[in-house]
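The file structure29.txt contains compact mmCIF, C-alpha atoms and all ligand atoms:
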# COMPACT_ATOMS: atom_id res chain seq x y z
CA MET A 20 0.00 0.00 0.00
CA PRO A 21 1.68 3.27 -1.09
CA ALA A 22 1.95 6.03 1.49
CA ASP A 23 -0.95 8.49 1.41
CA PRO A 24 0.45 11.79 0.05
CA PHE A 25 -1.65 13.57 2.68
CA ASP A 26 -0.17 11.73 5.66
CA TRP A 27 1.59 14.93 6.67
CA ILE A 28 -1.80 16.70 6.85
CA THR A 29 -3.15 14.04 9.20
CA GLU A 30 -0.03 14.38 11.33
CA ALA A 31 -0.34 18.17 11.41
CA ALA A 32 -4.00 17.81 12.46
CA ALA A 33 -3.01 15.46 15.29
CA ALA A 34 -0.36 17.93 16.48
CA ARG A 35 -2.92 20.75 16.37
CA HIS A 36 -5.30 18.61 18.38
CA ARG A 37 -2.64 17.80 21.01
CA ALA A 38 -1.85 21.52 21.34
CA GLY A 39 -5.55 22.39 21.74
CA LEU A 40 -5.40 24.69 18.71
CA VAL A 41 -8.05 23.14 16.47
CA ARG A 42 -10.26 25.67 14.70
CA THR A 43 -13.81 24.73 13.86
CA LEU A 44 -16.50 26.37 11.75
CA ARG A 45 -19.68 26.99 13.65
CA PRO A 46 -22.62 28.32 11.61
CA ARG A 47 -24.31 31.19 13.40
CA PRO A 48 -28.08 31.66 13.37
CA ALA A 49 -29.55 34.16 10.87
CA ARG A 50 -30.72 36.26 13.76
CA GLU A 51 -28.17 36.21 16.57
CA THR A 52 -29.60 34.87 19.79
CA LEU A 53 -26.40 35.61 21.71
CA LEU A 54 -25.27 39.12 22.57
CA ASP A 55 -22.74 39.79 19.77
CA LEU A 56 -19.39 41.30 20.71
CA ALA A 57 -17.49 39.36 18.06
CA SER A 58 -18.64 40.56 14.65
CA ASN A 59 -17.14 43.41 12.66
CA ASP A 60 -20.57 44.89 11.99
CA TYR A 61 -19.49 48.00 13.92
CA LEU A 62 -22.38 50.22 12.91
CA GLY A 63 -24.99 47.47 13.00
CA LEU A 64 -25.71 48.04 9.30
CA ALA A 65 -25.54 44.43 8.01
CA HIS A 66 -29.23 43.98 8.88
CA HIS A 67 -30.28 47.62 8.44
CA PRO A 68 -33.52 47.59 6.39
CA GLU A 69 -32.29 50.29 3.97
CA VAL A 70 -29.00 48.46 3.44
CA VAL A 71 -30.76 45.16 2.82
CA ASP A 72 -33.11 46.99 0.39
CA GLY A 73 -30.07 48.52 -1.34
CA ALA A 74 -28.61 45.06 -1.84
CA THR A 75 -31.93 43.64 -3.03
CA ALA A 76 -32.51 46.43 -5.54
CA ALA A 77 -28.99 45.97 -6.93
CA LEU A 78 -29.51 42.21 -7.16
CA ARG A 79 -32.77 42.65 -9.09
CA ARG A 80 -31.36 45.26 -11.41
CA TRP A 81 -27.87 43.90 -12.08
CA GLY A 82 -28.23 40.17 -11.38
CA ALA A 83 -26.81 37.69 -8.91
CA GLY A 84 -23.25 38.02 -10.17
CA SER A 85 -21.19 40.77 -11.75
CA THR A 86 -20.69 38.34 -14.70
CA GLY A 87 -17.04 39.02 -15.37
CA SER A 88 -13.82 40.84 -14.66
CA ARG A 89 -14.20 44.58 -14.14
CA LEU A 90 -12.38 45.17 -17.45
CA VAL A 91 -14.79 42.96 -19.40
CA THR A 92 -18.42 42.87 -18.18
CA GLY A 93 -18.03 43.23 -14.41
CA SER A 94 -18.32 47.03 -14.12
CA THR A 95 -21.74 48.62 -13.59
CA GLU A 96 -22.92 52.16 -12.86
CA LEU A 97 -23.24 51.01 -9.29
CA HIS A 98 -19.51 50.28 -9.04
CA ALA A 99 -18.69 53.72 -10.43
CA GLU A 100 -21.13 55.41 -8.05
CA LEU A 101 -19.72 53.54 -5.06
CA GLU A 102 -16.17 54.45 -6.06
CA ALA A 103 -17.00 58.14 -6.48
CA GLU A 104 -18.84 58.37 -3.14
CA LEU A 105 -16.21 56.43 -1.20
CA ALA A 106 -13.41 58.62 -2.55
CA GLU A 107 -15.30 61.81 -1.80
CA PHE A 108 -16.33 60.74 1.70
CA CYS A 109 -12.85 59.59 2.71
CA GLY A 110 -11.12 62.63 1.15
CA PHE A 111 -9.24 61.00 -1.74
CA GLU A 112 -9.23 61.87 -5.42
CA ALA A 113 -10.35 58.47 -6.67
CA ALA A 114 -11.22 54.93 -5.58
CA LEU A 115 -11.35 51.42 -7.01
CA VAL A 116 -13.44 48.64 -5.51
CA PHE A 117 -12.31 45.03 -5.24
CA SER A 118 -14.08 41.82 -4.30
CA SER A 119 -12.46 41.94 -0.83
CA GLY A 120 -10.25 44.07 1.36
CA TYR A 121 -7.71 41.26 1.11
CA ALA A 122 -7.61 41.60 -2.69
CA ALA A 123 -7.38 45.41 -2.37
CA ASN A 124 -4.33 45.08 -0.10
CA LEU A 125 -2.59 42.60 -2.41
CA ALA A 126 -3.27 44.98 -5.31
CA ALA A 127 -2.02 48.07 -3.52
CA LEU A 128 1.22 46.49 -2.36
CA THR A 129 2.12 44.89 -5.66
CA ALA A 130 1.06 47.80 -7.86
CA LEU A 131 2.65 50.50 -5.70
CA THR A 132 6.04 48.78 -5.70
CA GLY A 133 6.04 47.22 -9.15
CA PRO A 134 6.87 46.49 -11.84
CA ALA A 135 10.09 44.90 -10.71
CA THR A 136 13.00 47.29 -10.62
CA PRO A 137 16.01 47.04 -8.34
CA HIS A 138 16.01 48.84 -4.99
CA ARG A 139 12.38 48.48 -4.01
CA LEU A 140 11.84 48.70 -0.27
CA ILE A 141 8.70 48.19 1.81
CA VAL A 142 8.78 49.18 5.47
CA SER A 143 6.07 47.23 7.25
CA ASP A 144 4.82 47.46 10.86
CA ALA A 145 5.32 44.22 12.83
CA GLY A 146 1.63 44.22 13.78
CA ASN A 147 0.28 44.50 10.24
CA HIS A 148 -2.64 42.38 9.03
CA ALA A 149 -1.98 39.09 7.22
CA SER A 150 -3.23 40.54 3.92
CA LEU A 151 -0.56 43.27 4.07
CA ILE A 152 2.10 40.70 4.91
CA ASP A 153 1.00 38.59 1.94
CA GLY A 154 1.02 41.69 -0.27
CA CYS A 155 4.63 42.39 0.75
CA ARG A 156 5.59 38.81 -0.14
CA LEU A 157 3.75 38.95 -3.46
CA SER A 158 5.47 42.21 -4.42
CA ARG A 159 8.87 40.52 -4.16
CA ALA A 160 10.26 43.84 -2.94
CA GLU A 161 12.73 43.87 -0.08
CA THR A 162 10.66 44.16 3.10
CA ALA A 163 11.90 45.58 6.39
CA VAL A 164 9.59 44.63 9.25
CA VAL A 165 9.91 47.31 11.92
CA ALA A 166 8.84 47.69 15.55
CA HIS A 167 5.15 48.25 16.11
CA ALA A 168 3.86 51.85 15.91
CA ASP A 169 7.36 53.30 15.86
CA PRO A 170 7.93 56.16 13.36
CA GLN A 171 11.60 56.40 14.35
CA ALA A 172 12.11 52.75 13.42
CA VAL A 173 10.47 53.51 10.06
CA ALA A 174 12.75 56.53 9.54
CA LYS A 175 15.78 54.37 10.34
CA ALA A 176 14.72 51.66 7.87
CA LEU A 177 14.26 54.29 5.15
CA ASP A 178 17.51 56.09 5.92
CA GLY A 179 19.91 56.00 2.98
CA HIS A 180 17.57 53.99 0.76
CA GLU A 181 17.89 54.92 -2.90
CA GLY A 182 14.94 53.99 -5.08
CA ARG A 183 11.27 53.25 -4.66
CA ALA A 184 10.05 52.99 -1.07
CA LEU A 185 6.69 52.33 0.52
CA VAL A 186 5.70 52.51 4.19
CA VAL A 187 2.74 50.29 5.05
CA THR A 188 0.65 50.18 8.19
CA ASP A 189 -2.74 49.23 9.55
CA ALA A 190 -4.52 52.43 10.65
CA VAL A 191 -6.15 50.53 13.51
CA PHE A 192 -4.49 47.24 14.34
CA SER A 193 -6.88 44.35 14.01
CA VAL A 194 -5.86 42.40 17.12
CA ASP A 195 -5.35 45.04 19.82
CA GLY A 196 -7.42 47.86 18.29
CA ASP A 197 -4.69 50.48 18.78
CA GLU A 198 -4.27 53.29 16.28
CA ALA A 199 -1.09 53.86 14.24
CA PRO A 200 0.78 57.16 14.69
CA LEU A 201 -0.32 58.22 11.20
CA THR A 202 0.61 61.90 11.36
CA ALA A 203 4.19 61.05 12.29
CA LEU A 204 4.38 58.18 9.78
CA ALA A 205 3.16 60.45 6.97
CA GLN A 206 5.87 62.97 7.87
CA VAL A 207 8.60 60.33 8.01
CA ALA A 208 7.48 58.91 4.65
CA ALA A 209 7.29 62.37 3.04
CA ASP A 210 10.77 63.28 4.34
CA ALA A 211 12.20 60.15 2.70
CA ARG A 212 10.16 60.65 -0.51
CA ALA A 213 8.46 57.32 0.25
CA ALA A 214 4.80 56.54 -0.36
CA LEU A 215 2.50 55.66 2.54
CA LEU A 216 -0.11 52.90 2.36
CA VAL A 217 -2.67 52.85 5.16
CA ASP A 218 -5.04 49.93 5.68
CA ASP A 219 -8.12 51.55 7.19
CA ALA A 220 -10.24 48.40 7.47
CA HIS A 221 -11.08 49.19 11.10
CA GLY A 222 -11.08 52.99 10.87
CA LEU A 223 -13.68 53.64 8.17
CA GLY A 224 -17.03 54.36 9.83
CA VAL A 225 -15.43 54.68 13.26
CA LEU A 226 -12.64 57.31 13.22
CA GLY A 227 -12.36 60.70 11.53
CA PRO A 228 -15.07 63.31 11.00
CA GLY A 229 -18.40 61.46 10.72
CA GLY A 230 -16.54 58.16 10.41
CA SER A 231 -14.65 59.23 7.26
CA GLY A 232 -11.64 57.23 8.38
CA THR A 233 -8.24 57.43 10.02
CA PRO A 234 -6.42 59.27 7.19
CA ALA A 235 -9.03 62.06 7.45
CA ALA A 236 -8.66 62.07 11.24
CA HIS A 237 -4.93 62.76 10.79
CA ALA A 238 -5.40 65.21 7.89
CA VAL A 239 -3.39 62.98 5.53
CA ALA A 240 -6.31 61.90 3.32
CA GLY A 241 -5.62 63.07 -0.22
CA ALA A 242 -2.06 64.15 0.63
CA PRO A 243 0.55 63.46 -2.08
CA GLY A 244 1.98 59.97 -1.82
CA VAL A 245 -0.75 58.66 0.47
CA VAL A 246 -2.93 55.70 -0.50
CA ALA A 247 -5.51 53.98 1.71
CA THR A 248 -7.32 50.68 1.53
CA VAL A 249 -10.66 49.93 3.18
CA THR A 250 -12.96 46.97 3.51
CA LEU A 251 -16.69 47.16 2.84
CA SER A 252 -17.22 44.23 5.21
CA LYS A 253 -16.93 45.86 8.62
CA SER A 254 -18.59 49.25 9.24
CA LEU A 255 -20.42 49.13 5.92
CA GLY A 256 -21.92 45.73 6.75
CA SER A 257 -21.37 44.38 3.24
CA GLN A 258 -18.49 42.64 1.48
CA GLY A 259 -15.66 43.88 -0.71
CA GLY A 260 -12.77 46.30 -0.47
CA ALA A 261 -11.35 49.43 -2.07
CA VAL A 262 -8.14 51.31 -2.74
CA LEU A 263 -8.33 55.11 -2.39
CA GLY A 264 -5.72 57.50 -3.72
CA PRO A 265 -4.62 59.86 -6.48
CA ALA A 266 -6.40 59.28 -9.83
CA ALA A 267 -3.06 58.33 -11.44
CA VAL A 268 -2.57 55.56 -8.87
CA ILE A 269 -6.09 54.26 -9.43
CA GLU A 270 -5.52 54.21 -13.19
CA HIS A 271 -2.25 52.34 -12.58
CA LEU A 272 -4.17 49.75 -10.53
CA VAL A 273 -6.79 49.30 -13.27
CA ASN A 274 -3.99 48.56 -15.70
CA THR A 275 -1.64 46.48 -13.56
CA ALA A 276 -3.24 45.06 -10.39
CA ARG A 277 -3.64 41.33 -10.85
CA THR A 278 -6.31 40.95 -8.13
CA PHE A 279 -8.34 43.55 -10.04
CA ILE A 280 -7.76 42.37 -13.60
CA PHE A 281 -8.05 38.61 -13.06
CA ASP A 282 -10.80 38.62 -10.43
CA THR A 283 -14.55 38.78 -11.05
CA GLY A 284 -15.94 42.23 -10.26
CA LEU A 285 -17.51 42.98 -6.89
CA ASN A 286 -20.95 41.40 -6.59
CA PRO A 287 -23.71 43.93 -7.41
CA ALA A 288 -25.63 43.12 -4.20
CA ALA A 289 -22.49 43.83 -2.17
CA ALA A 290 -21.92 47.09 -4.05
CA GLY A 291 -25.55 48.12 -3.50
CA ALA A 292 -25.38 47.32 0.21
CA ALA A 293 -22.08 49.17 0.69
CA LEU A 294 -23.30 52.26 -1.18
CA THR A 295 -26.50 52.39 0.86
CA ALA A 296 -24.58 51.85 4.12
CA LEU A 297 -22.25 54.69 3.19
CA ARG A 298 -25.26 56.96 2.69
CA VAL A 299 -26.75 55.90 6.03
CA LEU A 300 -23.43 56.73 7.71
CA ARG A 301 -23.29 60.16 6.02
CA ARG A 302 -26.81 60.89 7.20
CA GLU A 303 -26.15 59.61 10.72
CA PRO A 304 -22.59 60.59 11.65
CA ALA A 305 -23.42 59.97 15.33
CA LEU A 306 -23.06 56.24 14.59
CA ALA A 307 -19.28 56.61 14.48
CA GLN A 308 -19.20 58.41 17.83
CA ALA A 309 -21.46 55.75 19.36
CA VAL A 310 -19.04 52.92 18.48
CA ARG A 311 -16.13 54.77 20.05
CA ASP A 312 -18.15 55.56 23.19
CA HIS A 313 -19.22 51.94 23.54
CA ALA A 314 -15.66 50.65 23.12
CA ARG A 315 -14.46 53.03 25.85
CA ALA A 316 -17.31 51.95 28.16
CA LEU A 317 -16.29 48.31 27.67
CA HIS A 318 -12.66 49.15 28.42
CA THR A 319 -13.55 51.15 31.54
CA GLY A 320 -15.69 48.31 32.89
CA LEU A 321 -13.08 45.64 32.15
CA THR A 322 -10.34 47.66 33.83
CA ALA A 323 -12.59 48.28 36.85
CA ALA A 324 -13.06 44.50 37.09
CA GLY A 325 -9.27 44.10 37.28
CA LEU A 326 -8.85 42.71 33.75
CA ARG A 327 -5.97 43.63 31.44
CA ALA A 328 -7.48 45.36 28.41
CA VAL A 329 -5.83 47.60 25.80
CA ARG A 330 -7.28 51.12 25.75
CA PRO A 331 -9.29 51.18 22.52
CA ASP A 332 -8.81 53.84 19.84
CA ALA A 333 -11.65 52.50 17.70
CA ALA A 334 -14.11 49.58 17.98
CA VAL A 335 -11.85 46.69 18.97
CA VAL A 336 -11.21 45.96 22.65
CA SER A 337 -8.59 43.33 23.39
CA VAL A 338 -8.44 41.52 26.76
CA ALA A 339 -5.41 39.42 27.66
CA ALA A 340 -5.87 35.76 28.67
CA PRO A 341 -3.23 33.79 30.61
CA SER A 342 -2.93 31.00 27.99
CA PRO A 343 -4.52 29.75 24.75
CA GLU A 344 -6.44 27.12 26.77
CA HIS A 345 -7.73 29.77 29.18
CA ALA A 346 -8.77 31.97 26.26
CA LEU A 347 -10.72 29.10 24.69
CA THR A 348 -12.48 28.16 27.94
CA TRP A 349 -13.22 31.82 28.70
CA ALA A 350 -14.81 32.38 25.28
CA ALA A 351 -16.80 29.12 25.62
CA ASP A 352 -18.03 30.12 29.09
CA CYS A 353 -19.10 33.52 27.73
CA ARG A 354 -21.04 31.74 24.99
CA THR A 355 -22.77 29.49 27.54
CA ALA A 356 -23.74 32.66 29.41
CA GLY A 357 -25.22 34.19 26.24
CA LEU A 358 -22.32 36.33 24.99
CA ARG A 359 -20.39 35.87 21.76
CA VAL A 360 -16.79 37.12 21.89
CA GLY A 361 -13.82 36.59 19.60
CA CYS A 362 -10.89 34.48 20.71
CA PHE A 363 -7.44 35.11 19.22
CA ARG A 364 -4.58 32.75 19.93
CA PRO A 365 -1.34 31.66 18.27
CA PRO A 366 -0.59 31.39 15.40
CA SER A 367 -3.08 34.20 14.54
CA VAL A 368 -1.29 36.37 17.12
CA PRO A 369 2.47 36.30 16.48
CA ASP A 370 3.36 37.66 19.94
CA GLY A 371 1.99 34.51 21.57
CA ILE A 372 -0.45 36.42 23.80
CA SER A 373 -3.94 34.91 23.62
CA ARG A 374 -6.81 37.32 23.90
CA LEU A 375 -10.52 37.73 23.96
CA ARG A 376 -11.30 40.18 21.19
CA LEU A 377 -14.41 42.24 21.78
CA THR A 378 -15.91 44.53 19.20
CA ALA A 379 -18.17 47.42 20.10
CA ARG A 380 -21.17 48.22 17.97
CA ALA A 381 -23.07 51.50 17.57
CA ASN A 382 -26.34 49.71 18.33
CA LEU A 383 -25.37 48.24 21.71
CA THR A 384 -27.54 49.43 24.60
CA ALA A 385 -26.19 50.43 28.02
CA GLU A 386 -27.91 47.35 29.45
CA GLU A 387 -26.14 45.11 26.91
CA ILE A 388 -22.77 46.63 27.74
CA ASP A 389 -23.39 46.01 31.45
CA ARG A 390 -24.50 42.45 30.79
CA ALA A 391 -21.42 41.77 28.68
CA LEU A 392 -19.12 43.15 31.37
CA THR A 393 -20.82 41.05 34.05
CA VAL A 394 -20.44 37.86 32.01
CA ILE A 395 -16.79 38.52 31.07
CA ALA A 396 -15.83 39.31 34.68
CA ALA A 397 -17.74 36.34 36.09
CA THR A 398 -16.13 33.87 33.65
CA ALA A 399 -12.59 35.32 33.78
CA PRO A 400 -9.90 32.69 34.45
N1 LIG A 501 -7.15 44.45 6.66
C1 LIG A 501 -7.47 44.31 7.96
C2 LIG A 501 -6.75 45.13 8.97
C3 LIG A 501 -8.48 43.41 8.33
O1 LIG A 501 -8.79 43.25 9.63
C4 LIG A 501 -9.15 42.67 7.34
C5 LIG A 501 -10.30 41.74 7.66
N2 LIG A 501 -10.04 40.75 8.55
C6 LIG A 501 -8.75 42.83 6.01
C7 LIG A 501 -7.77 43.74 5.71
C8 LIG A 501 -9.35 42.02 4.91
O2 LIG A 501 -10.56 42.56 4.50
P1 LIG A 501 -11.68 41.61 3.84
O3 LIG A 501 -12.25 40.84 4.97
O4 LIG A 501 -12.62 42.56 3.20
O5 LIG A 501 -10.98 40.74 2.86

Output the file's structure in the form of structure tokens.
Amino acid sequence: MPADPFDWITEAAAARHRAGLVRTLRPRPARETLLDLASNDYLGLAHHPEVVDGATAALRRWGAGSTGSRLVTGSTELHAELEAELAEFCGFEAALVFSSGYAANLAALTALTGPATPHRLIVSDAGNHASLIDGCRLSRAETAVVAHADPQAVAKALDGHEGRALVVTDAVFSVDGDEAPLTALAQVAADARAALLVDDAHGLGVLGPGGSGTPAAHAVAGAPGVVATVTLSKSLGSQGGAVLGPAAVIEHLVNTARTFIFDTGLNPAAAGAALTALRVLRREPALAQAVRDHARALHTGLTAAGLRAVRPDAAVVSVAAPSPEHALTWAADCRTAGLRVGCFRPPSVPDGISRLRLTARANLTAEEIDRALTVIAATAP
């Protein structure tokens, strides 16, 4: 009997099992019965009746799929409208939507450093999201990974570099929810004639005037050399991503970005939902403030209960757990008590610190925040 070529997969699964690090998919109910502090639906718009209507109208008008690549049949008026409104709202000259934030990040990193020439340098924060890390790898540019949220480390990495350079950072880090020092990073990048790429997946809809994002909050939106990426899947309650920047950069992406050219265009329903959600946010800017207030209230309560939580800059509140096993049990006990929280453990967190990851939503009530705090404190290891 020849050896099964997938023996190594079975062995890896057994090792994962022994280490207590098995990940399982658990379908959630259509209407959440648990109190949700785990989703990225920061503004509570995924089920908003207008947003659902926006998706439905787009689906009826444009069909269930976009039918092709954006350069062939996959572009509709809806895509163009969404791009124009996103760019205007976030303070950039132009925008291009992708089928995910992940694809937008891969596009931005490869297109902003390519095509291949010698002396291409990316300076990347050690806490950056996996999609940015993958984009760095895909670009095949030299990548210097620098200390987290440290503009001086970025300046040092750029010092003396001759040639194309790009500084890349999450605006709000996805695990701990802390904000990057964007003003200082923009200055350091400008001084070195480097471009700055900001992944604002967790800032759009939460930070900046009316939720217009972290680059706007730091007055770097639309500045020369600054490009941002966003996802449509968090605050906007939909699915998809976008790159925002100078029109010349967007045109460059249309012509060179492989995750744009060789991917089917964003689904019309997703575009319709995102566009409607954006309009709801513009009409109700208090939503952004509400998320921030709720995140702070969670942090204050956790700290008062003697738990170690990172002070949130946006919607994400991270609470340290003593070990991966404790984190798992803690999250399971919360679930039993009616509360859904996120649980991050190695290898998703490279620093080895396991955490409960809570996400605030604009539509949480004071009673729900109190209930969540009571459950988390009562189940704490
Ligand atoms: N960047 C960051 C910081 C994220 O947290 C995420 C989502 N997990 C992404 C990019 C990817 O976005 P999407 O889910 O739209 O692919």

Could you give me the residues within 10 Å of ligand LIG 501 (chain A), counting all atoms listed in the file, as an mmCIF file with C-alpha atoms, in the frame of the given file?
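Full text of selection.cif as output:
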data_model
loop_
_atom_site.group_PDB
_atom_site.id
_atom_site.type_symbol
_atom_site.label_atom_id
_atom_site.label_comp_id
_atom_site.auth_asym_id
_atom_site.auth_seq_id
_atom_site.Cartn_x
_atom_site.Cartn_y
_atom_site.Cartn_z
ATOM 1 C CA ASN A 59 -17.140 43.410 12.660
ATOM 2 C CA PHE A 117 -12.310 45.030 -5.240
ATOM 3 C CA SER A 118 -14.080 41.820 -4.300
ATOM 4 C CA SER A 119 -12.460 41.940 -0.830
ATOM 5 C CA GLY A 120 -10.250 44.070 1.360
ATOM 6 C CA TYR A 121 -7.710 41.260 1.110
ATOM 7 C CA ALA A 122 -7.610 41.600 -2.690
ATOM 8 C CA ALA A 123 -7.380 45.410 -2.370
ATOM 9 C CA ASN A 124 -4.330 45.080 -0.100
ATOM 10 C CA LEU A 125 -2.590 42.600 -2.410
ATOM 11 C CA GLY A 146 1.630 44.220 13.780
ATOM 12 C CA ASN A 147 0.280 44.500 10.240
ATOM 13 C CA HIS A 148 -2.640 42.380 9.030
ATOM 14 C CA ALA A 149 -1.980 39.090 7.220
ATOM 15 C CA SER A 150 -3.230 40.540 3.920
ATOM 16 C CA LEU A 151 -0.560 43.270 4.070
ATOM 17 C CA THR A 188 0.650 50.180 8.190
ATOM 18 C CA ASP A 189 -2.740 49.230 9.550
ATOM 19 C CA ALA A 190 -4.520 52.430 10.650
ATOM 20 C CA VAL A 191 -6.150 50.530 13.510
ATOM 21 C CA PHE A 192 -4.490 47.240 14.340
ATOM 22 C CA SER A 193 -6.880 44.350 14.010
ATOM 23 C CA VAL A 194 -5.860 42.400 17.120
ATOM 24 C CA GLY A 196 -7.420 47.860 18.290
ATOM 25 C CA VAL A 217 -2.670 52.850 5.160
ATOM 26 C CA ASP A 218 -5.040 49.930 5.680
ATOM 27 C CA ASP A 219 -8.120 51.550 7.190
ATOM 28 C CA ALA A 220 -10.240 48.400 7.470
ATOM 29 C CA HIS A 221 -11.080 49.190 11.100
ATOM 30 C CA GLY A 222 -11.080 52.990 10.870
ATOM 31 C CA THR A 248 -7.320 50.680 1.530
ATOM 32 C CA VAL A 249 -10.660 49.930 3.180
ATOM 33 C CA THR A 250 -12.960 46.970 3.510
ATOM 34 C CA LEU A 251 -16.690 47.160 2.840
ATOM 35 C CA SER A 252 -17.220 44.230 5.210
ATOM 36 C CA LYS A 253 -16.930 45.860 8.620
ATOM 37 C CA SER A 257 -21.370 44.380 3.240
ATOM 38 C CA GLN A 258 -18.490 42.640 1.480
ATOM 39 C CA GLY A 259 -15.660 43.880 -0.710
ATOM 40 C CA GLY A 260 -12.770 46.300 -0.470
ATOM 41 C CA ALA A 261 -11.350 49.430 -2.070
#

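Nearest-residue note for A:Ala350: choosing from A:Leu101, A:Ala379, A:Ile395, A:Ala307, the minimum distance belongs to A:Ile395, counting only C-alpha atoms.
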
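Atom pair atom CA of A:Leu375 / atom CA of A:Thr233: separated by 24.2 Å.
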
Given only C-alpha atoms as the counted atoms, nearest of A:Thr398, A:Ser337, A:Arg390, A:His98 to A:Val368: A:Ser337

Which centre and edge lengths in Å to one decimal define the box along x, y and z that fits every listed atom of stretch 165-174 of chain A plus 6 Å per side, as JSON?
{"center_x": 8.3, "center_y": 51.9, "center_z": 12.8, "size_x": 20.9, "size_y": 21.2, "size_z": 18.6}

Since the input is missing atoms for stretch 232-251 of chain A, could you rebuild it with N, CA and C atoms and give the result as an mmCIF file, in the coordinates of the input?
data_model
loop_
_atom_site.group_PDB
_atom_site.id
_atom_site.type_symbol
_atom_site.label_atom_id
_atom_site.label_comp_id
_atom_site.auth_asym_id
_atom_site.auth_seq_id
_atom_site.Cartn_x
_atom_site.Cartn_y
_atom_site.Cartn_z
ATOM 1 N N GLY A 232 -12.835 58.063 8.385
ATOM 2 C CA GLY A 232 -11.640 57.230 8.380
ATOM 3 C C GLY A 232 -10.430 57.861 9.050
ATOM 4 N N THR A 233 -9.431 57.011 9.285
ATOM 5 C CA THR A 233 -8.240 57.430 10.020
ATOM 6 C C THR A 233 -7.381 58.437 9.235
ATOM 7 N N PRO A 234 -7.198 58.258 7.904
ATOM 8 C CA PRO A 234 -6.420 59.270 7.190
ATOM 9 C C PRO A 234 -7.037 60.666 7.327
ATOM 10 N N ALA A 235 -8.369 60.755 7.270
ATOM 11 C CA ALA A 235 -9.030 62.060 7.450
ATOM 12 C C ALA A 235 -8.818 62.568 8.867
ATOM 13 N N ALA A 236 -8.855 61.660 9.839
ATOM 14 C CA ALA A 236 -8.660 62.070 11.240
ATOM 15 C C ALA A 236 -7.288 62.697 11.433
ATOM 16 N N HIS A 237 -6.298 62.252 10.650
ATOM 17 C CA HIS A 237 -4.930 62.760 10.790
ATOM 18 C C HIS A 237 -4.586 63.773 9.703
ATOM 19 N N ALA A 238 -5.593 64.229 8.964
ATOM 20 C CA ALA A 238 -5.400 65.210 7.890
ATOM 21 C C ALA A 238 -4.362 64.761 6.861
ATOM 22 N N VAL A 239 -4.299 63.450 6.593
ATOM 23 C CA VAL A 239 -3.390 62.980 5.530
ATOM 24 C C VAL A 239 -4.169 62.403 4.347
ATOM 25 N N ALA A 240 -5.514 62.386 4.453
ATOM 26 C CA ALA A 240 -6.310 61.900 3.320
ATOM 27 C C ALA A 240 -6.087 62.827 2.139
ATOM 28 N N GLY A 241 -5.792 62.262 0.984
ATOM 29 C CA GLY A 241 -5.620 63.070 -0.220
ATOM 30 C C GLY A 241 -4.258 63.745 -0.307
ATOM 31 N N ALA A 242 -3.396 63.551 0.690
ATOM 32 C CA ALA A 242 -2.060 64.150 0.630
ATOM 33 C C ALA A 242 -1.236 63.431 -0.441
ATOM 34 N N PRO A 243 -0.266 64.117 -1.051
ATOM 35 C CA PRO A 243 0.550 63.460 -2.080
ATOM 36 C C PRO A 243 1.253 62.235 -1.497
ATOM 37 N N GLY A 244 1.256 61.169 -2.263
ATOM 38 C CA GLY A 244 1.980 59.970 -1.820
ATOM 39 C C GLY A 244 1.231 59.094 -0.844
ATOM 40 N N VAL A 245 -0.004 59.469 -0.504
ATOM 41 C CA VAL A 245 -0.750 58.660 0.470
ATOM 42 C C VAL A 245 -1.863 57.877 -0.225
ATOM 43 N N VAL A 246 -1.898 56.582 0.048
ATOM 44 C CA VAL A 246 -2.930 55.700 -0.500
ATOM 45 C C VAL A 246 -3.536 54.941 0.683
ATOM 46 N N ALA A 247 -4.860 54.740 0.640
ATOM 47 C CA ALA A 247 -5.510 53.980 1.710
ATOM 48 C C ALA A 247 -6.250 52.795 1.110
ATOM 49 N N THR A 248 -6.416 51.749 1.918
ATOM 50 C CA THR A 248 -7.320 50.680 1.530
ATOM 51 C C THR A 248 -8.392 50.587 2.618
ATOM 52 N N VAL A 249 -9.572 50.137 2.206
ATOM 53 C CA VAL A 249 -10.660 49.930 3.180
ATOM 54 C C VAL A 249 -11.334 48.601 2.840
ATOM 55 N N THR A 250 -12.102 48.104 3.796
ATOM 56 C CA THR A 250 -12.960 46.970 3.510
ATOM 57 C C THR A 250 -14.403 47.460 3.569
ATOM 58 N N LEU A 251 -15.263 46.821 2.794
ATOM 59 C CA LEU A 251 -16.690 47.160 2.840
ATOM 60 C C LEU A 251 -17.404 46.222 3.805
#
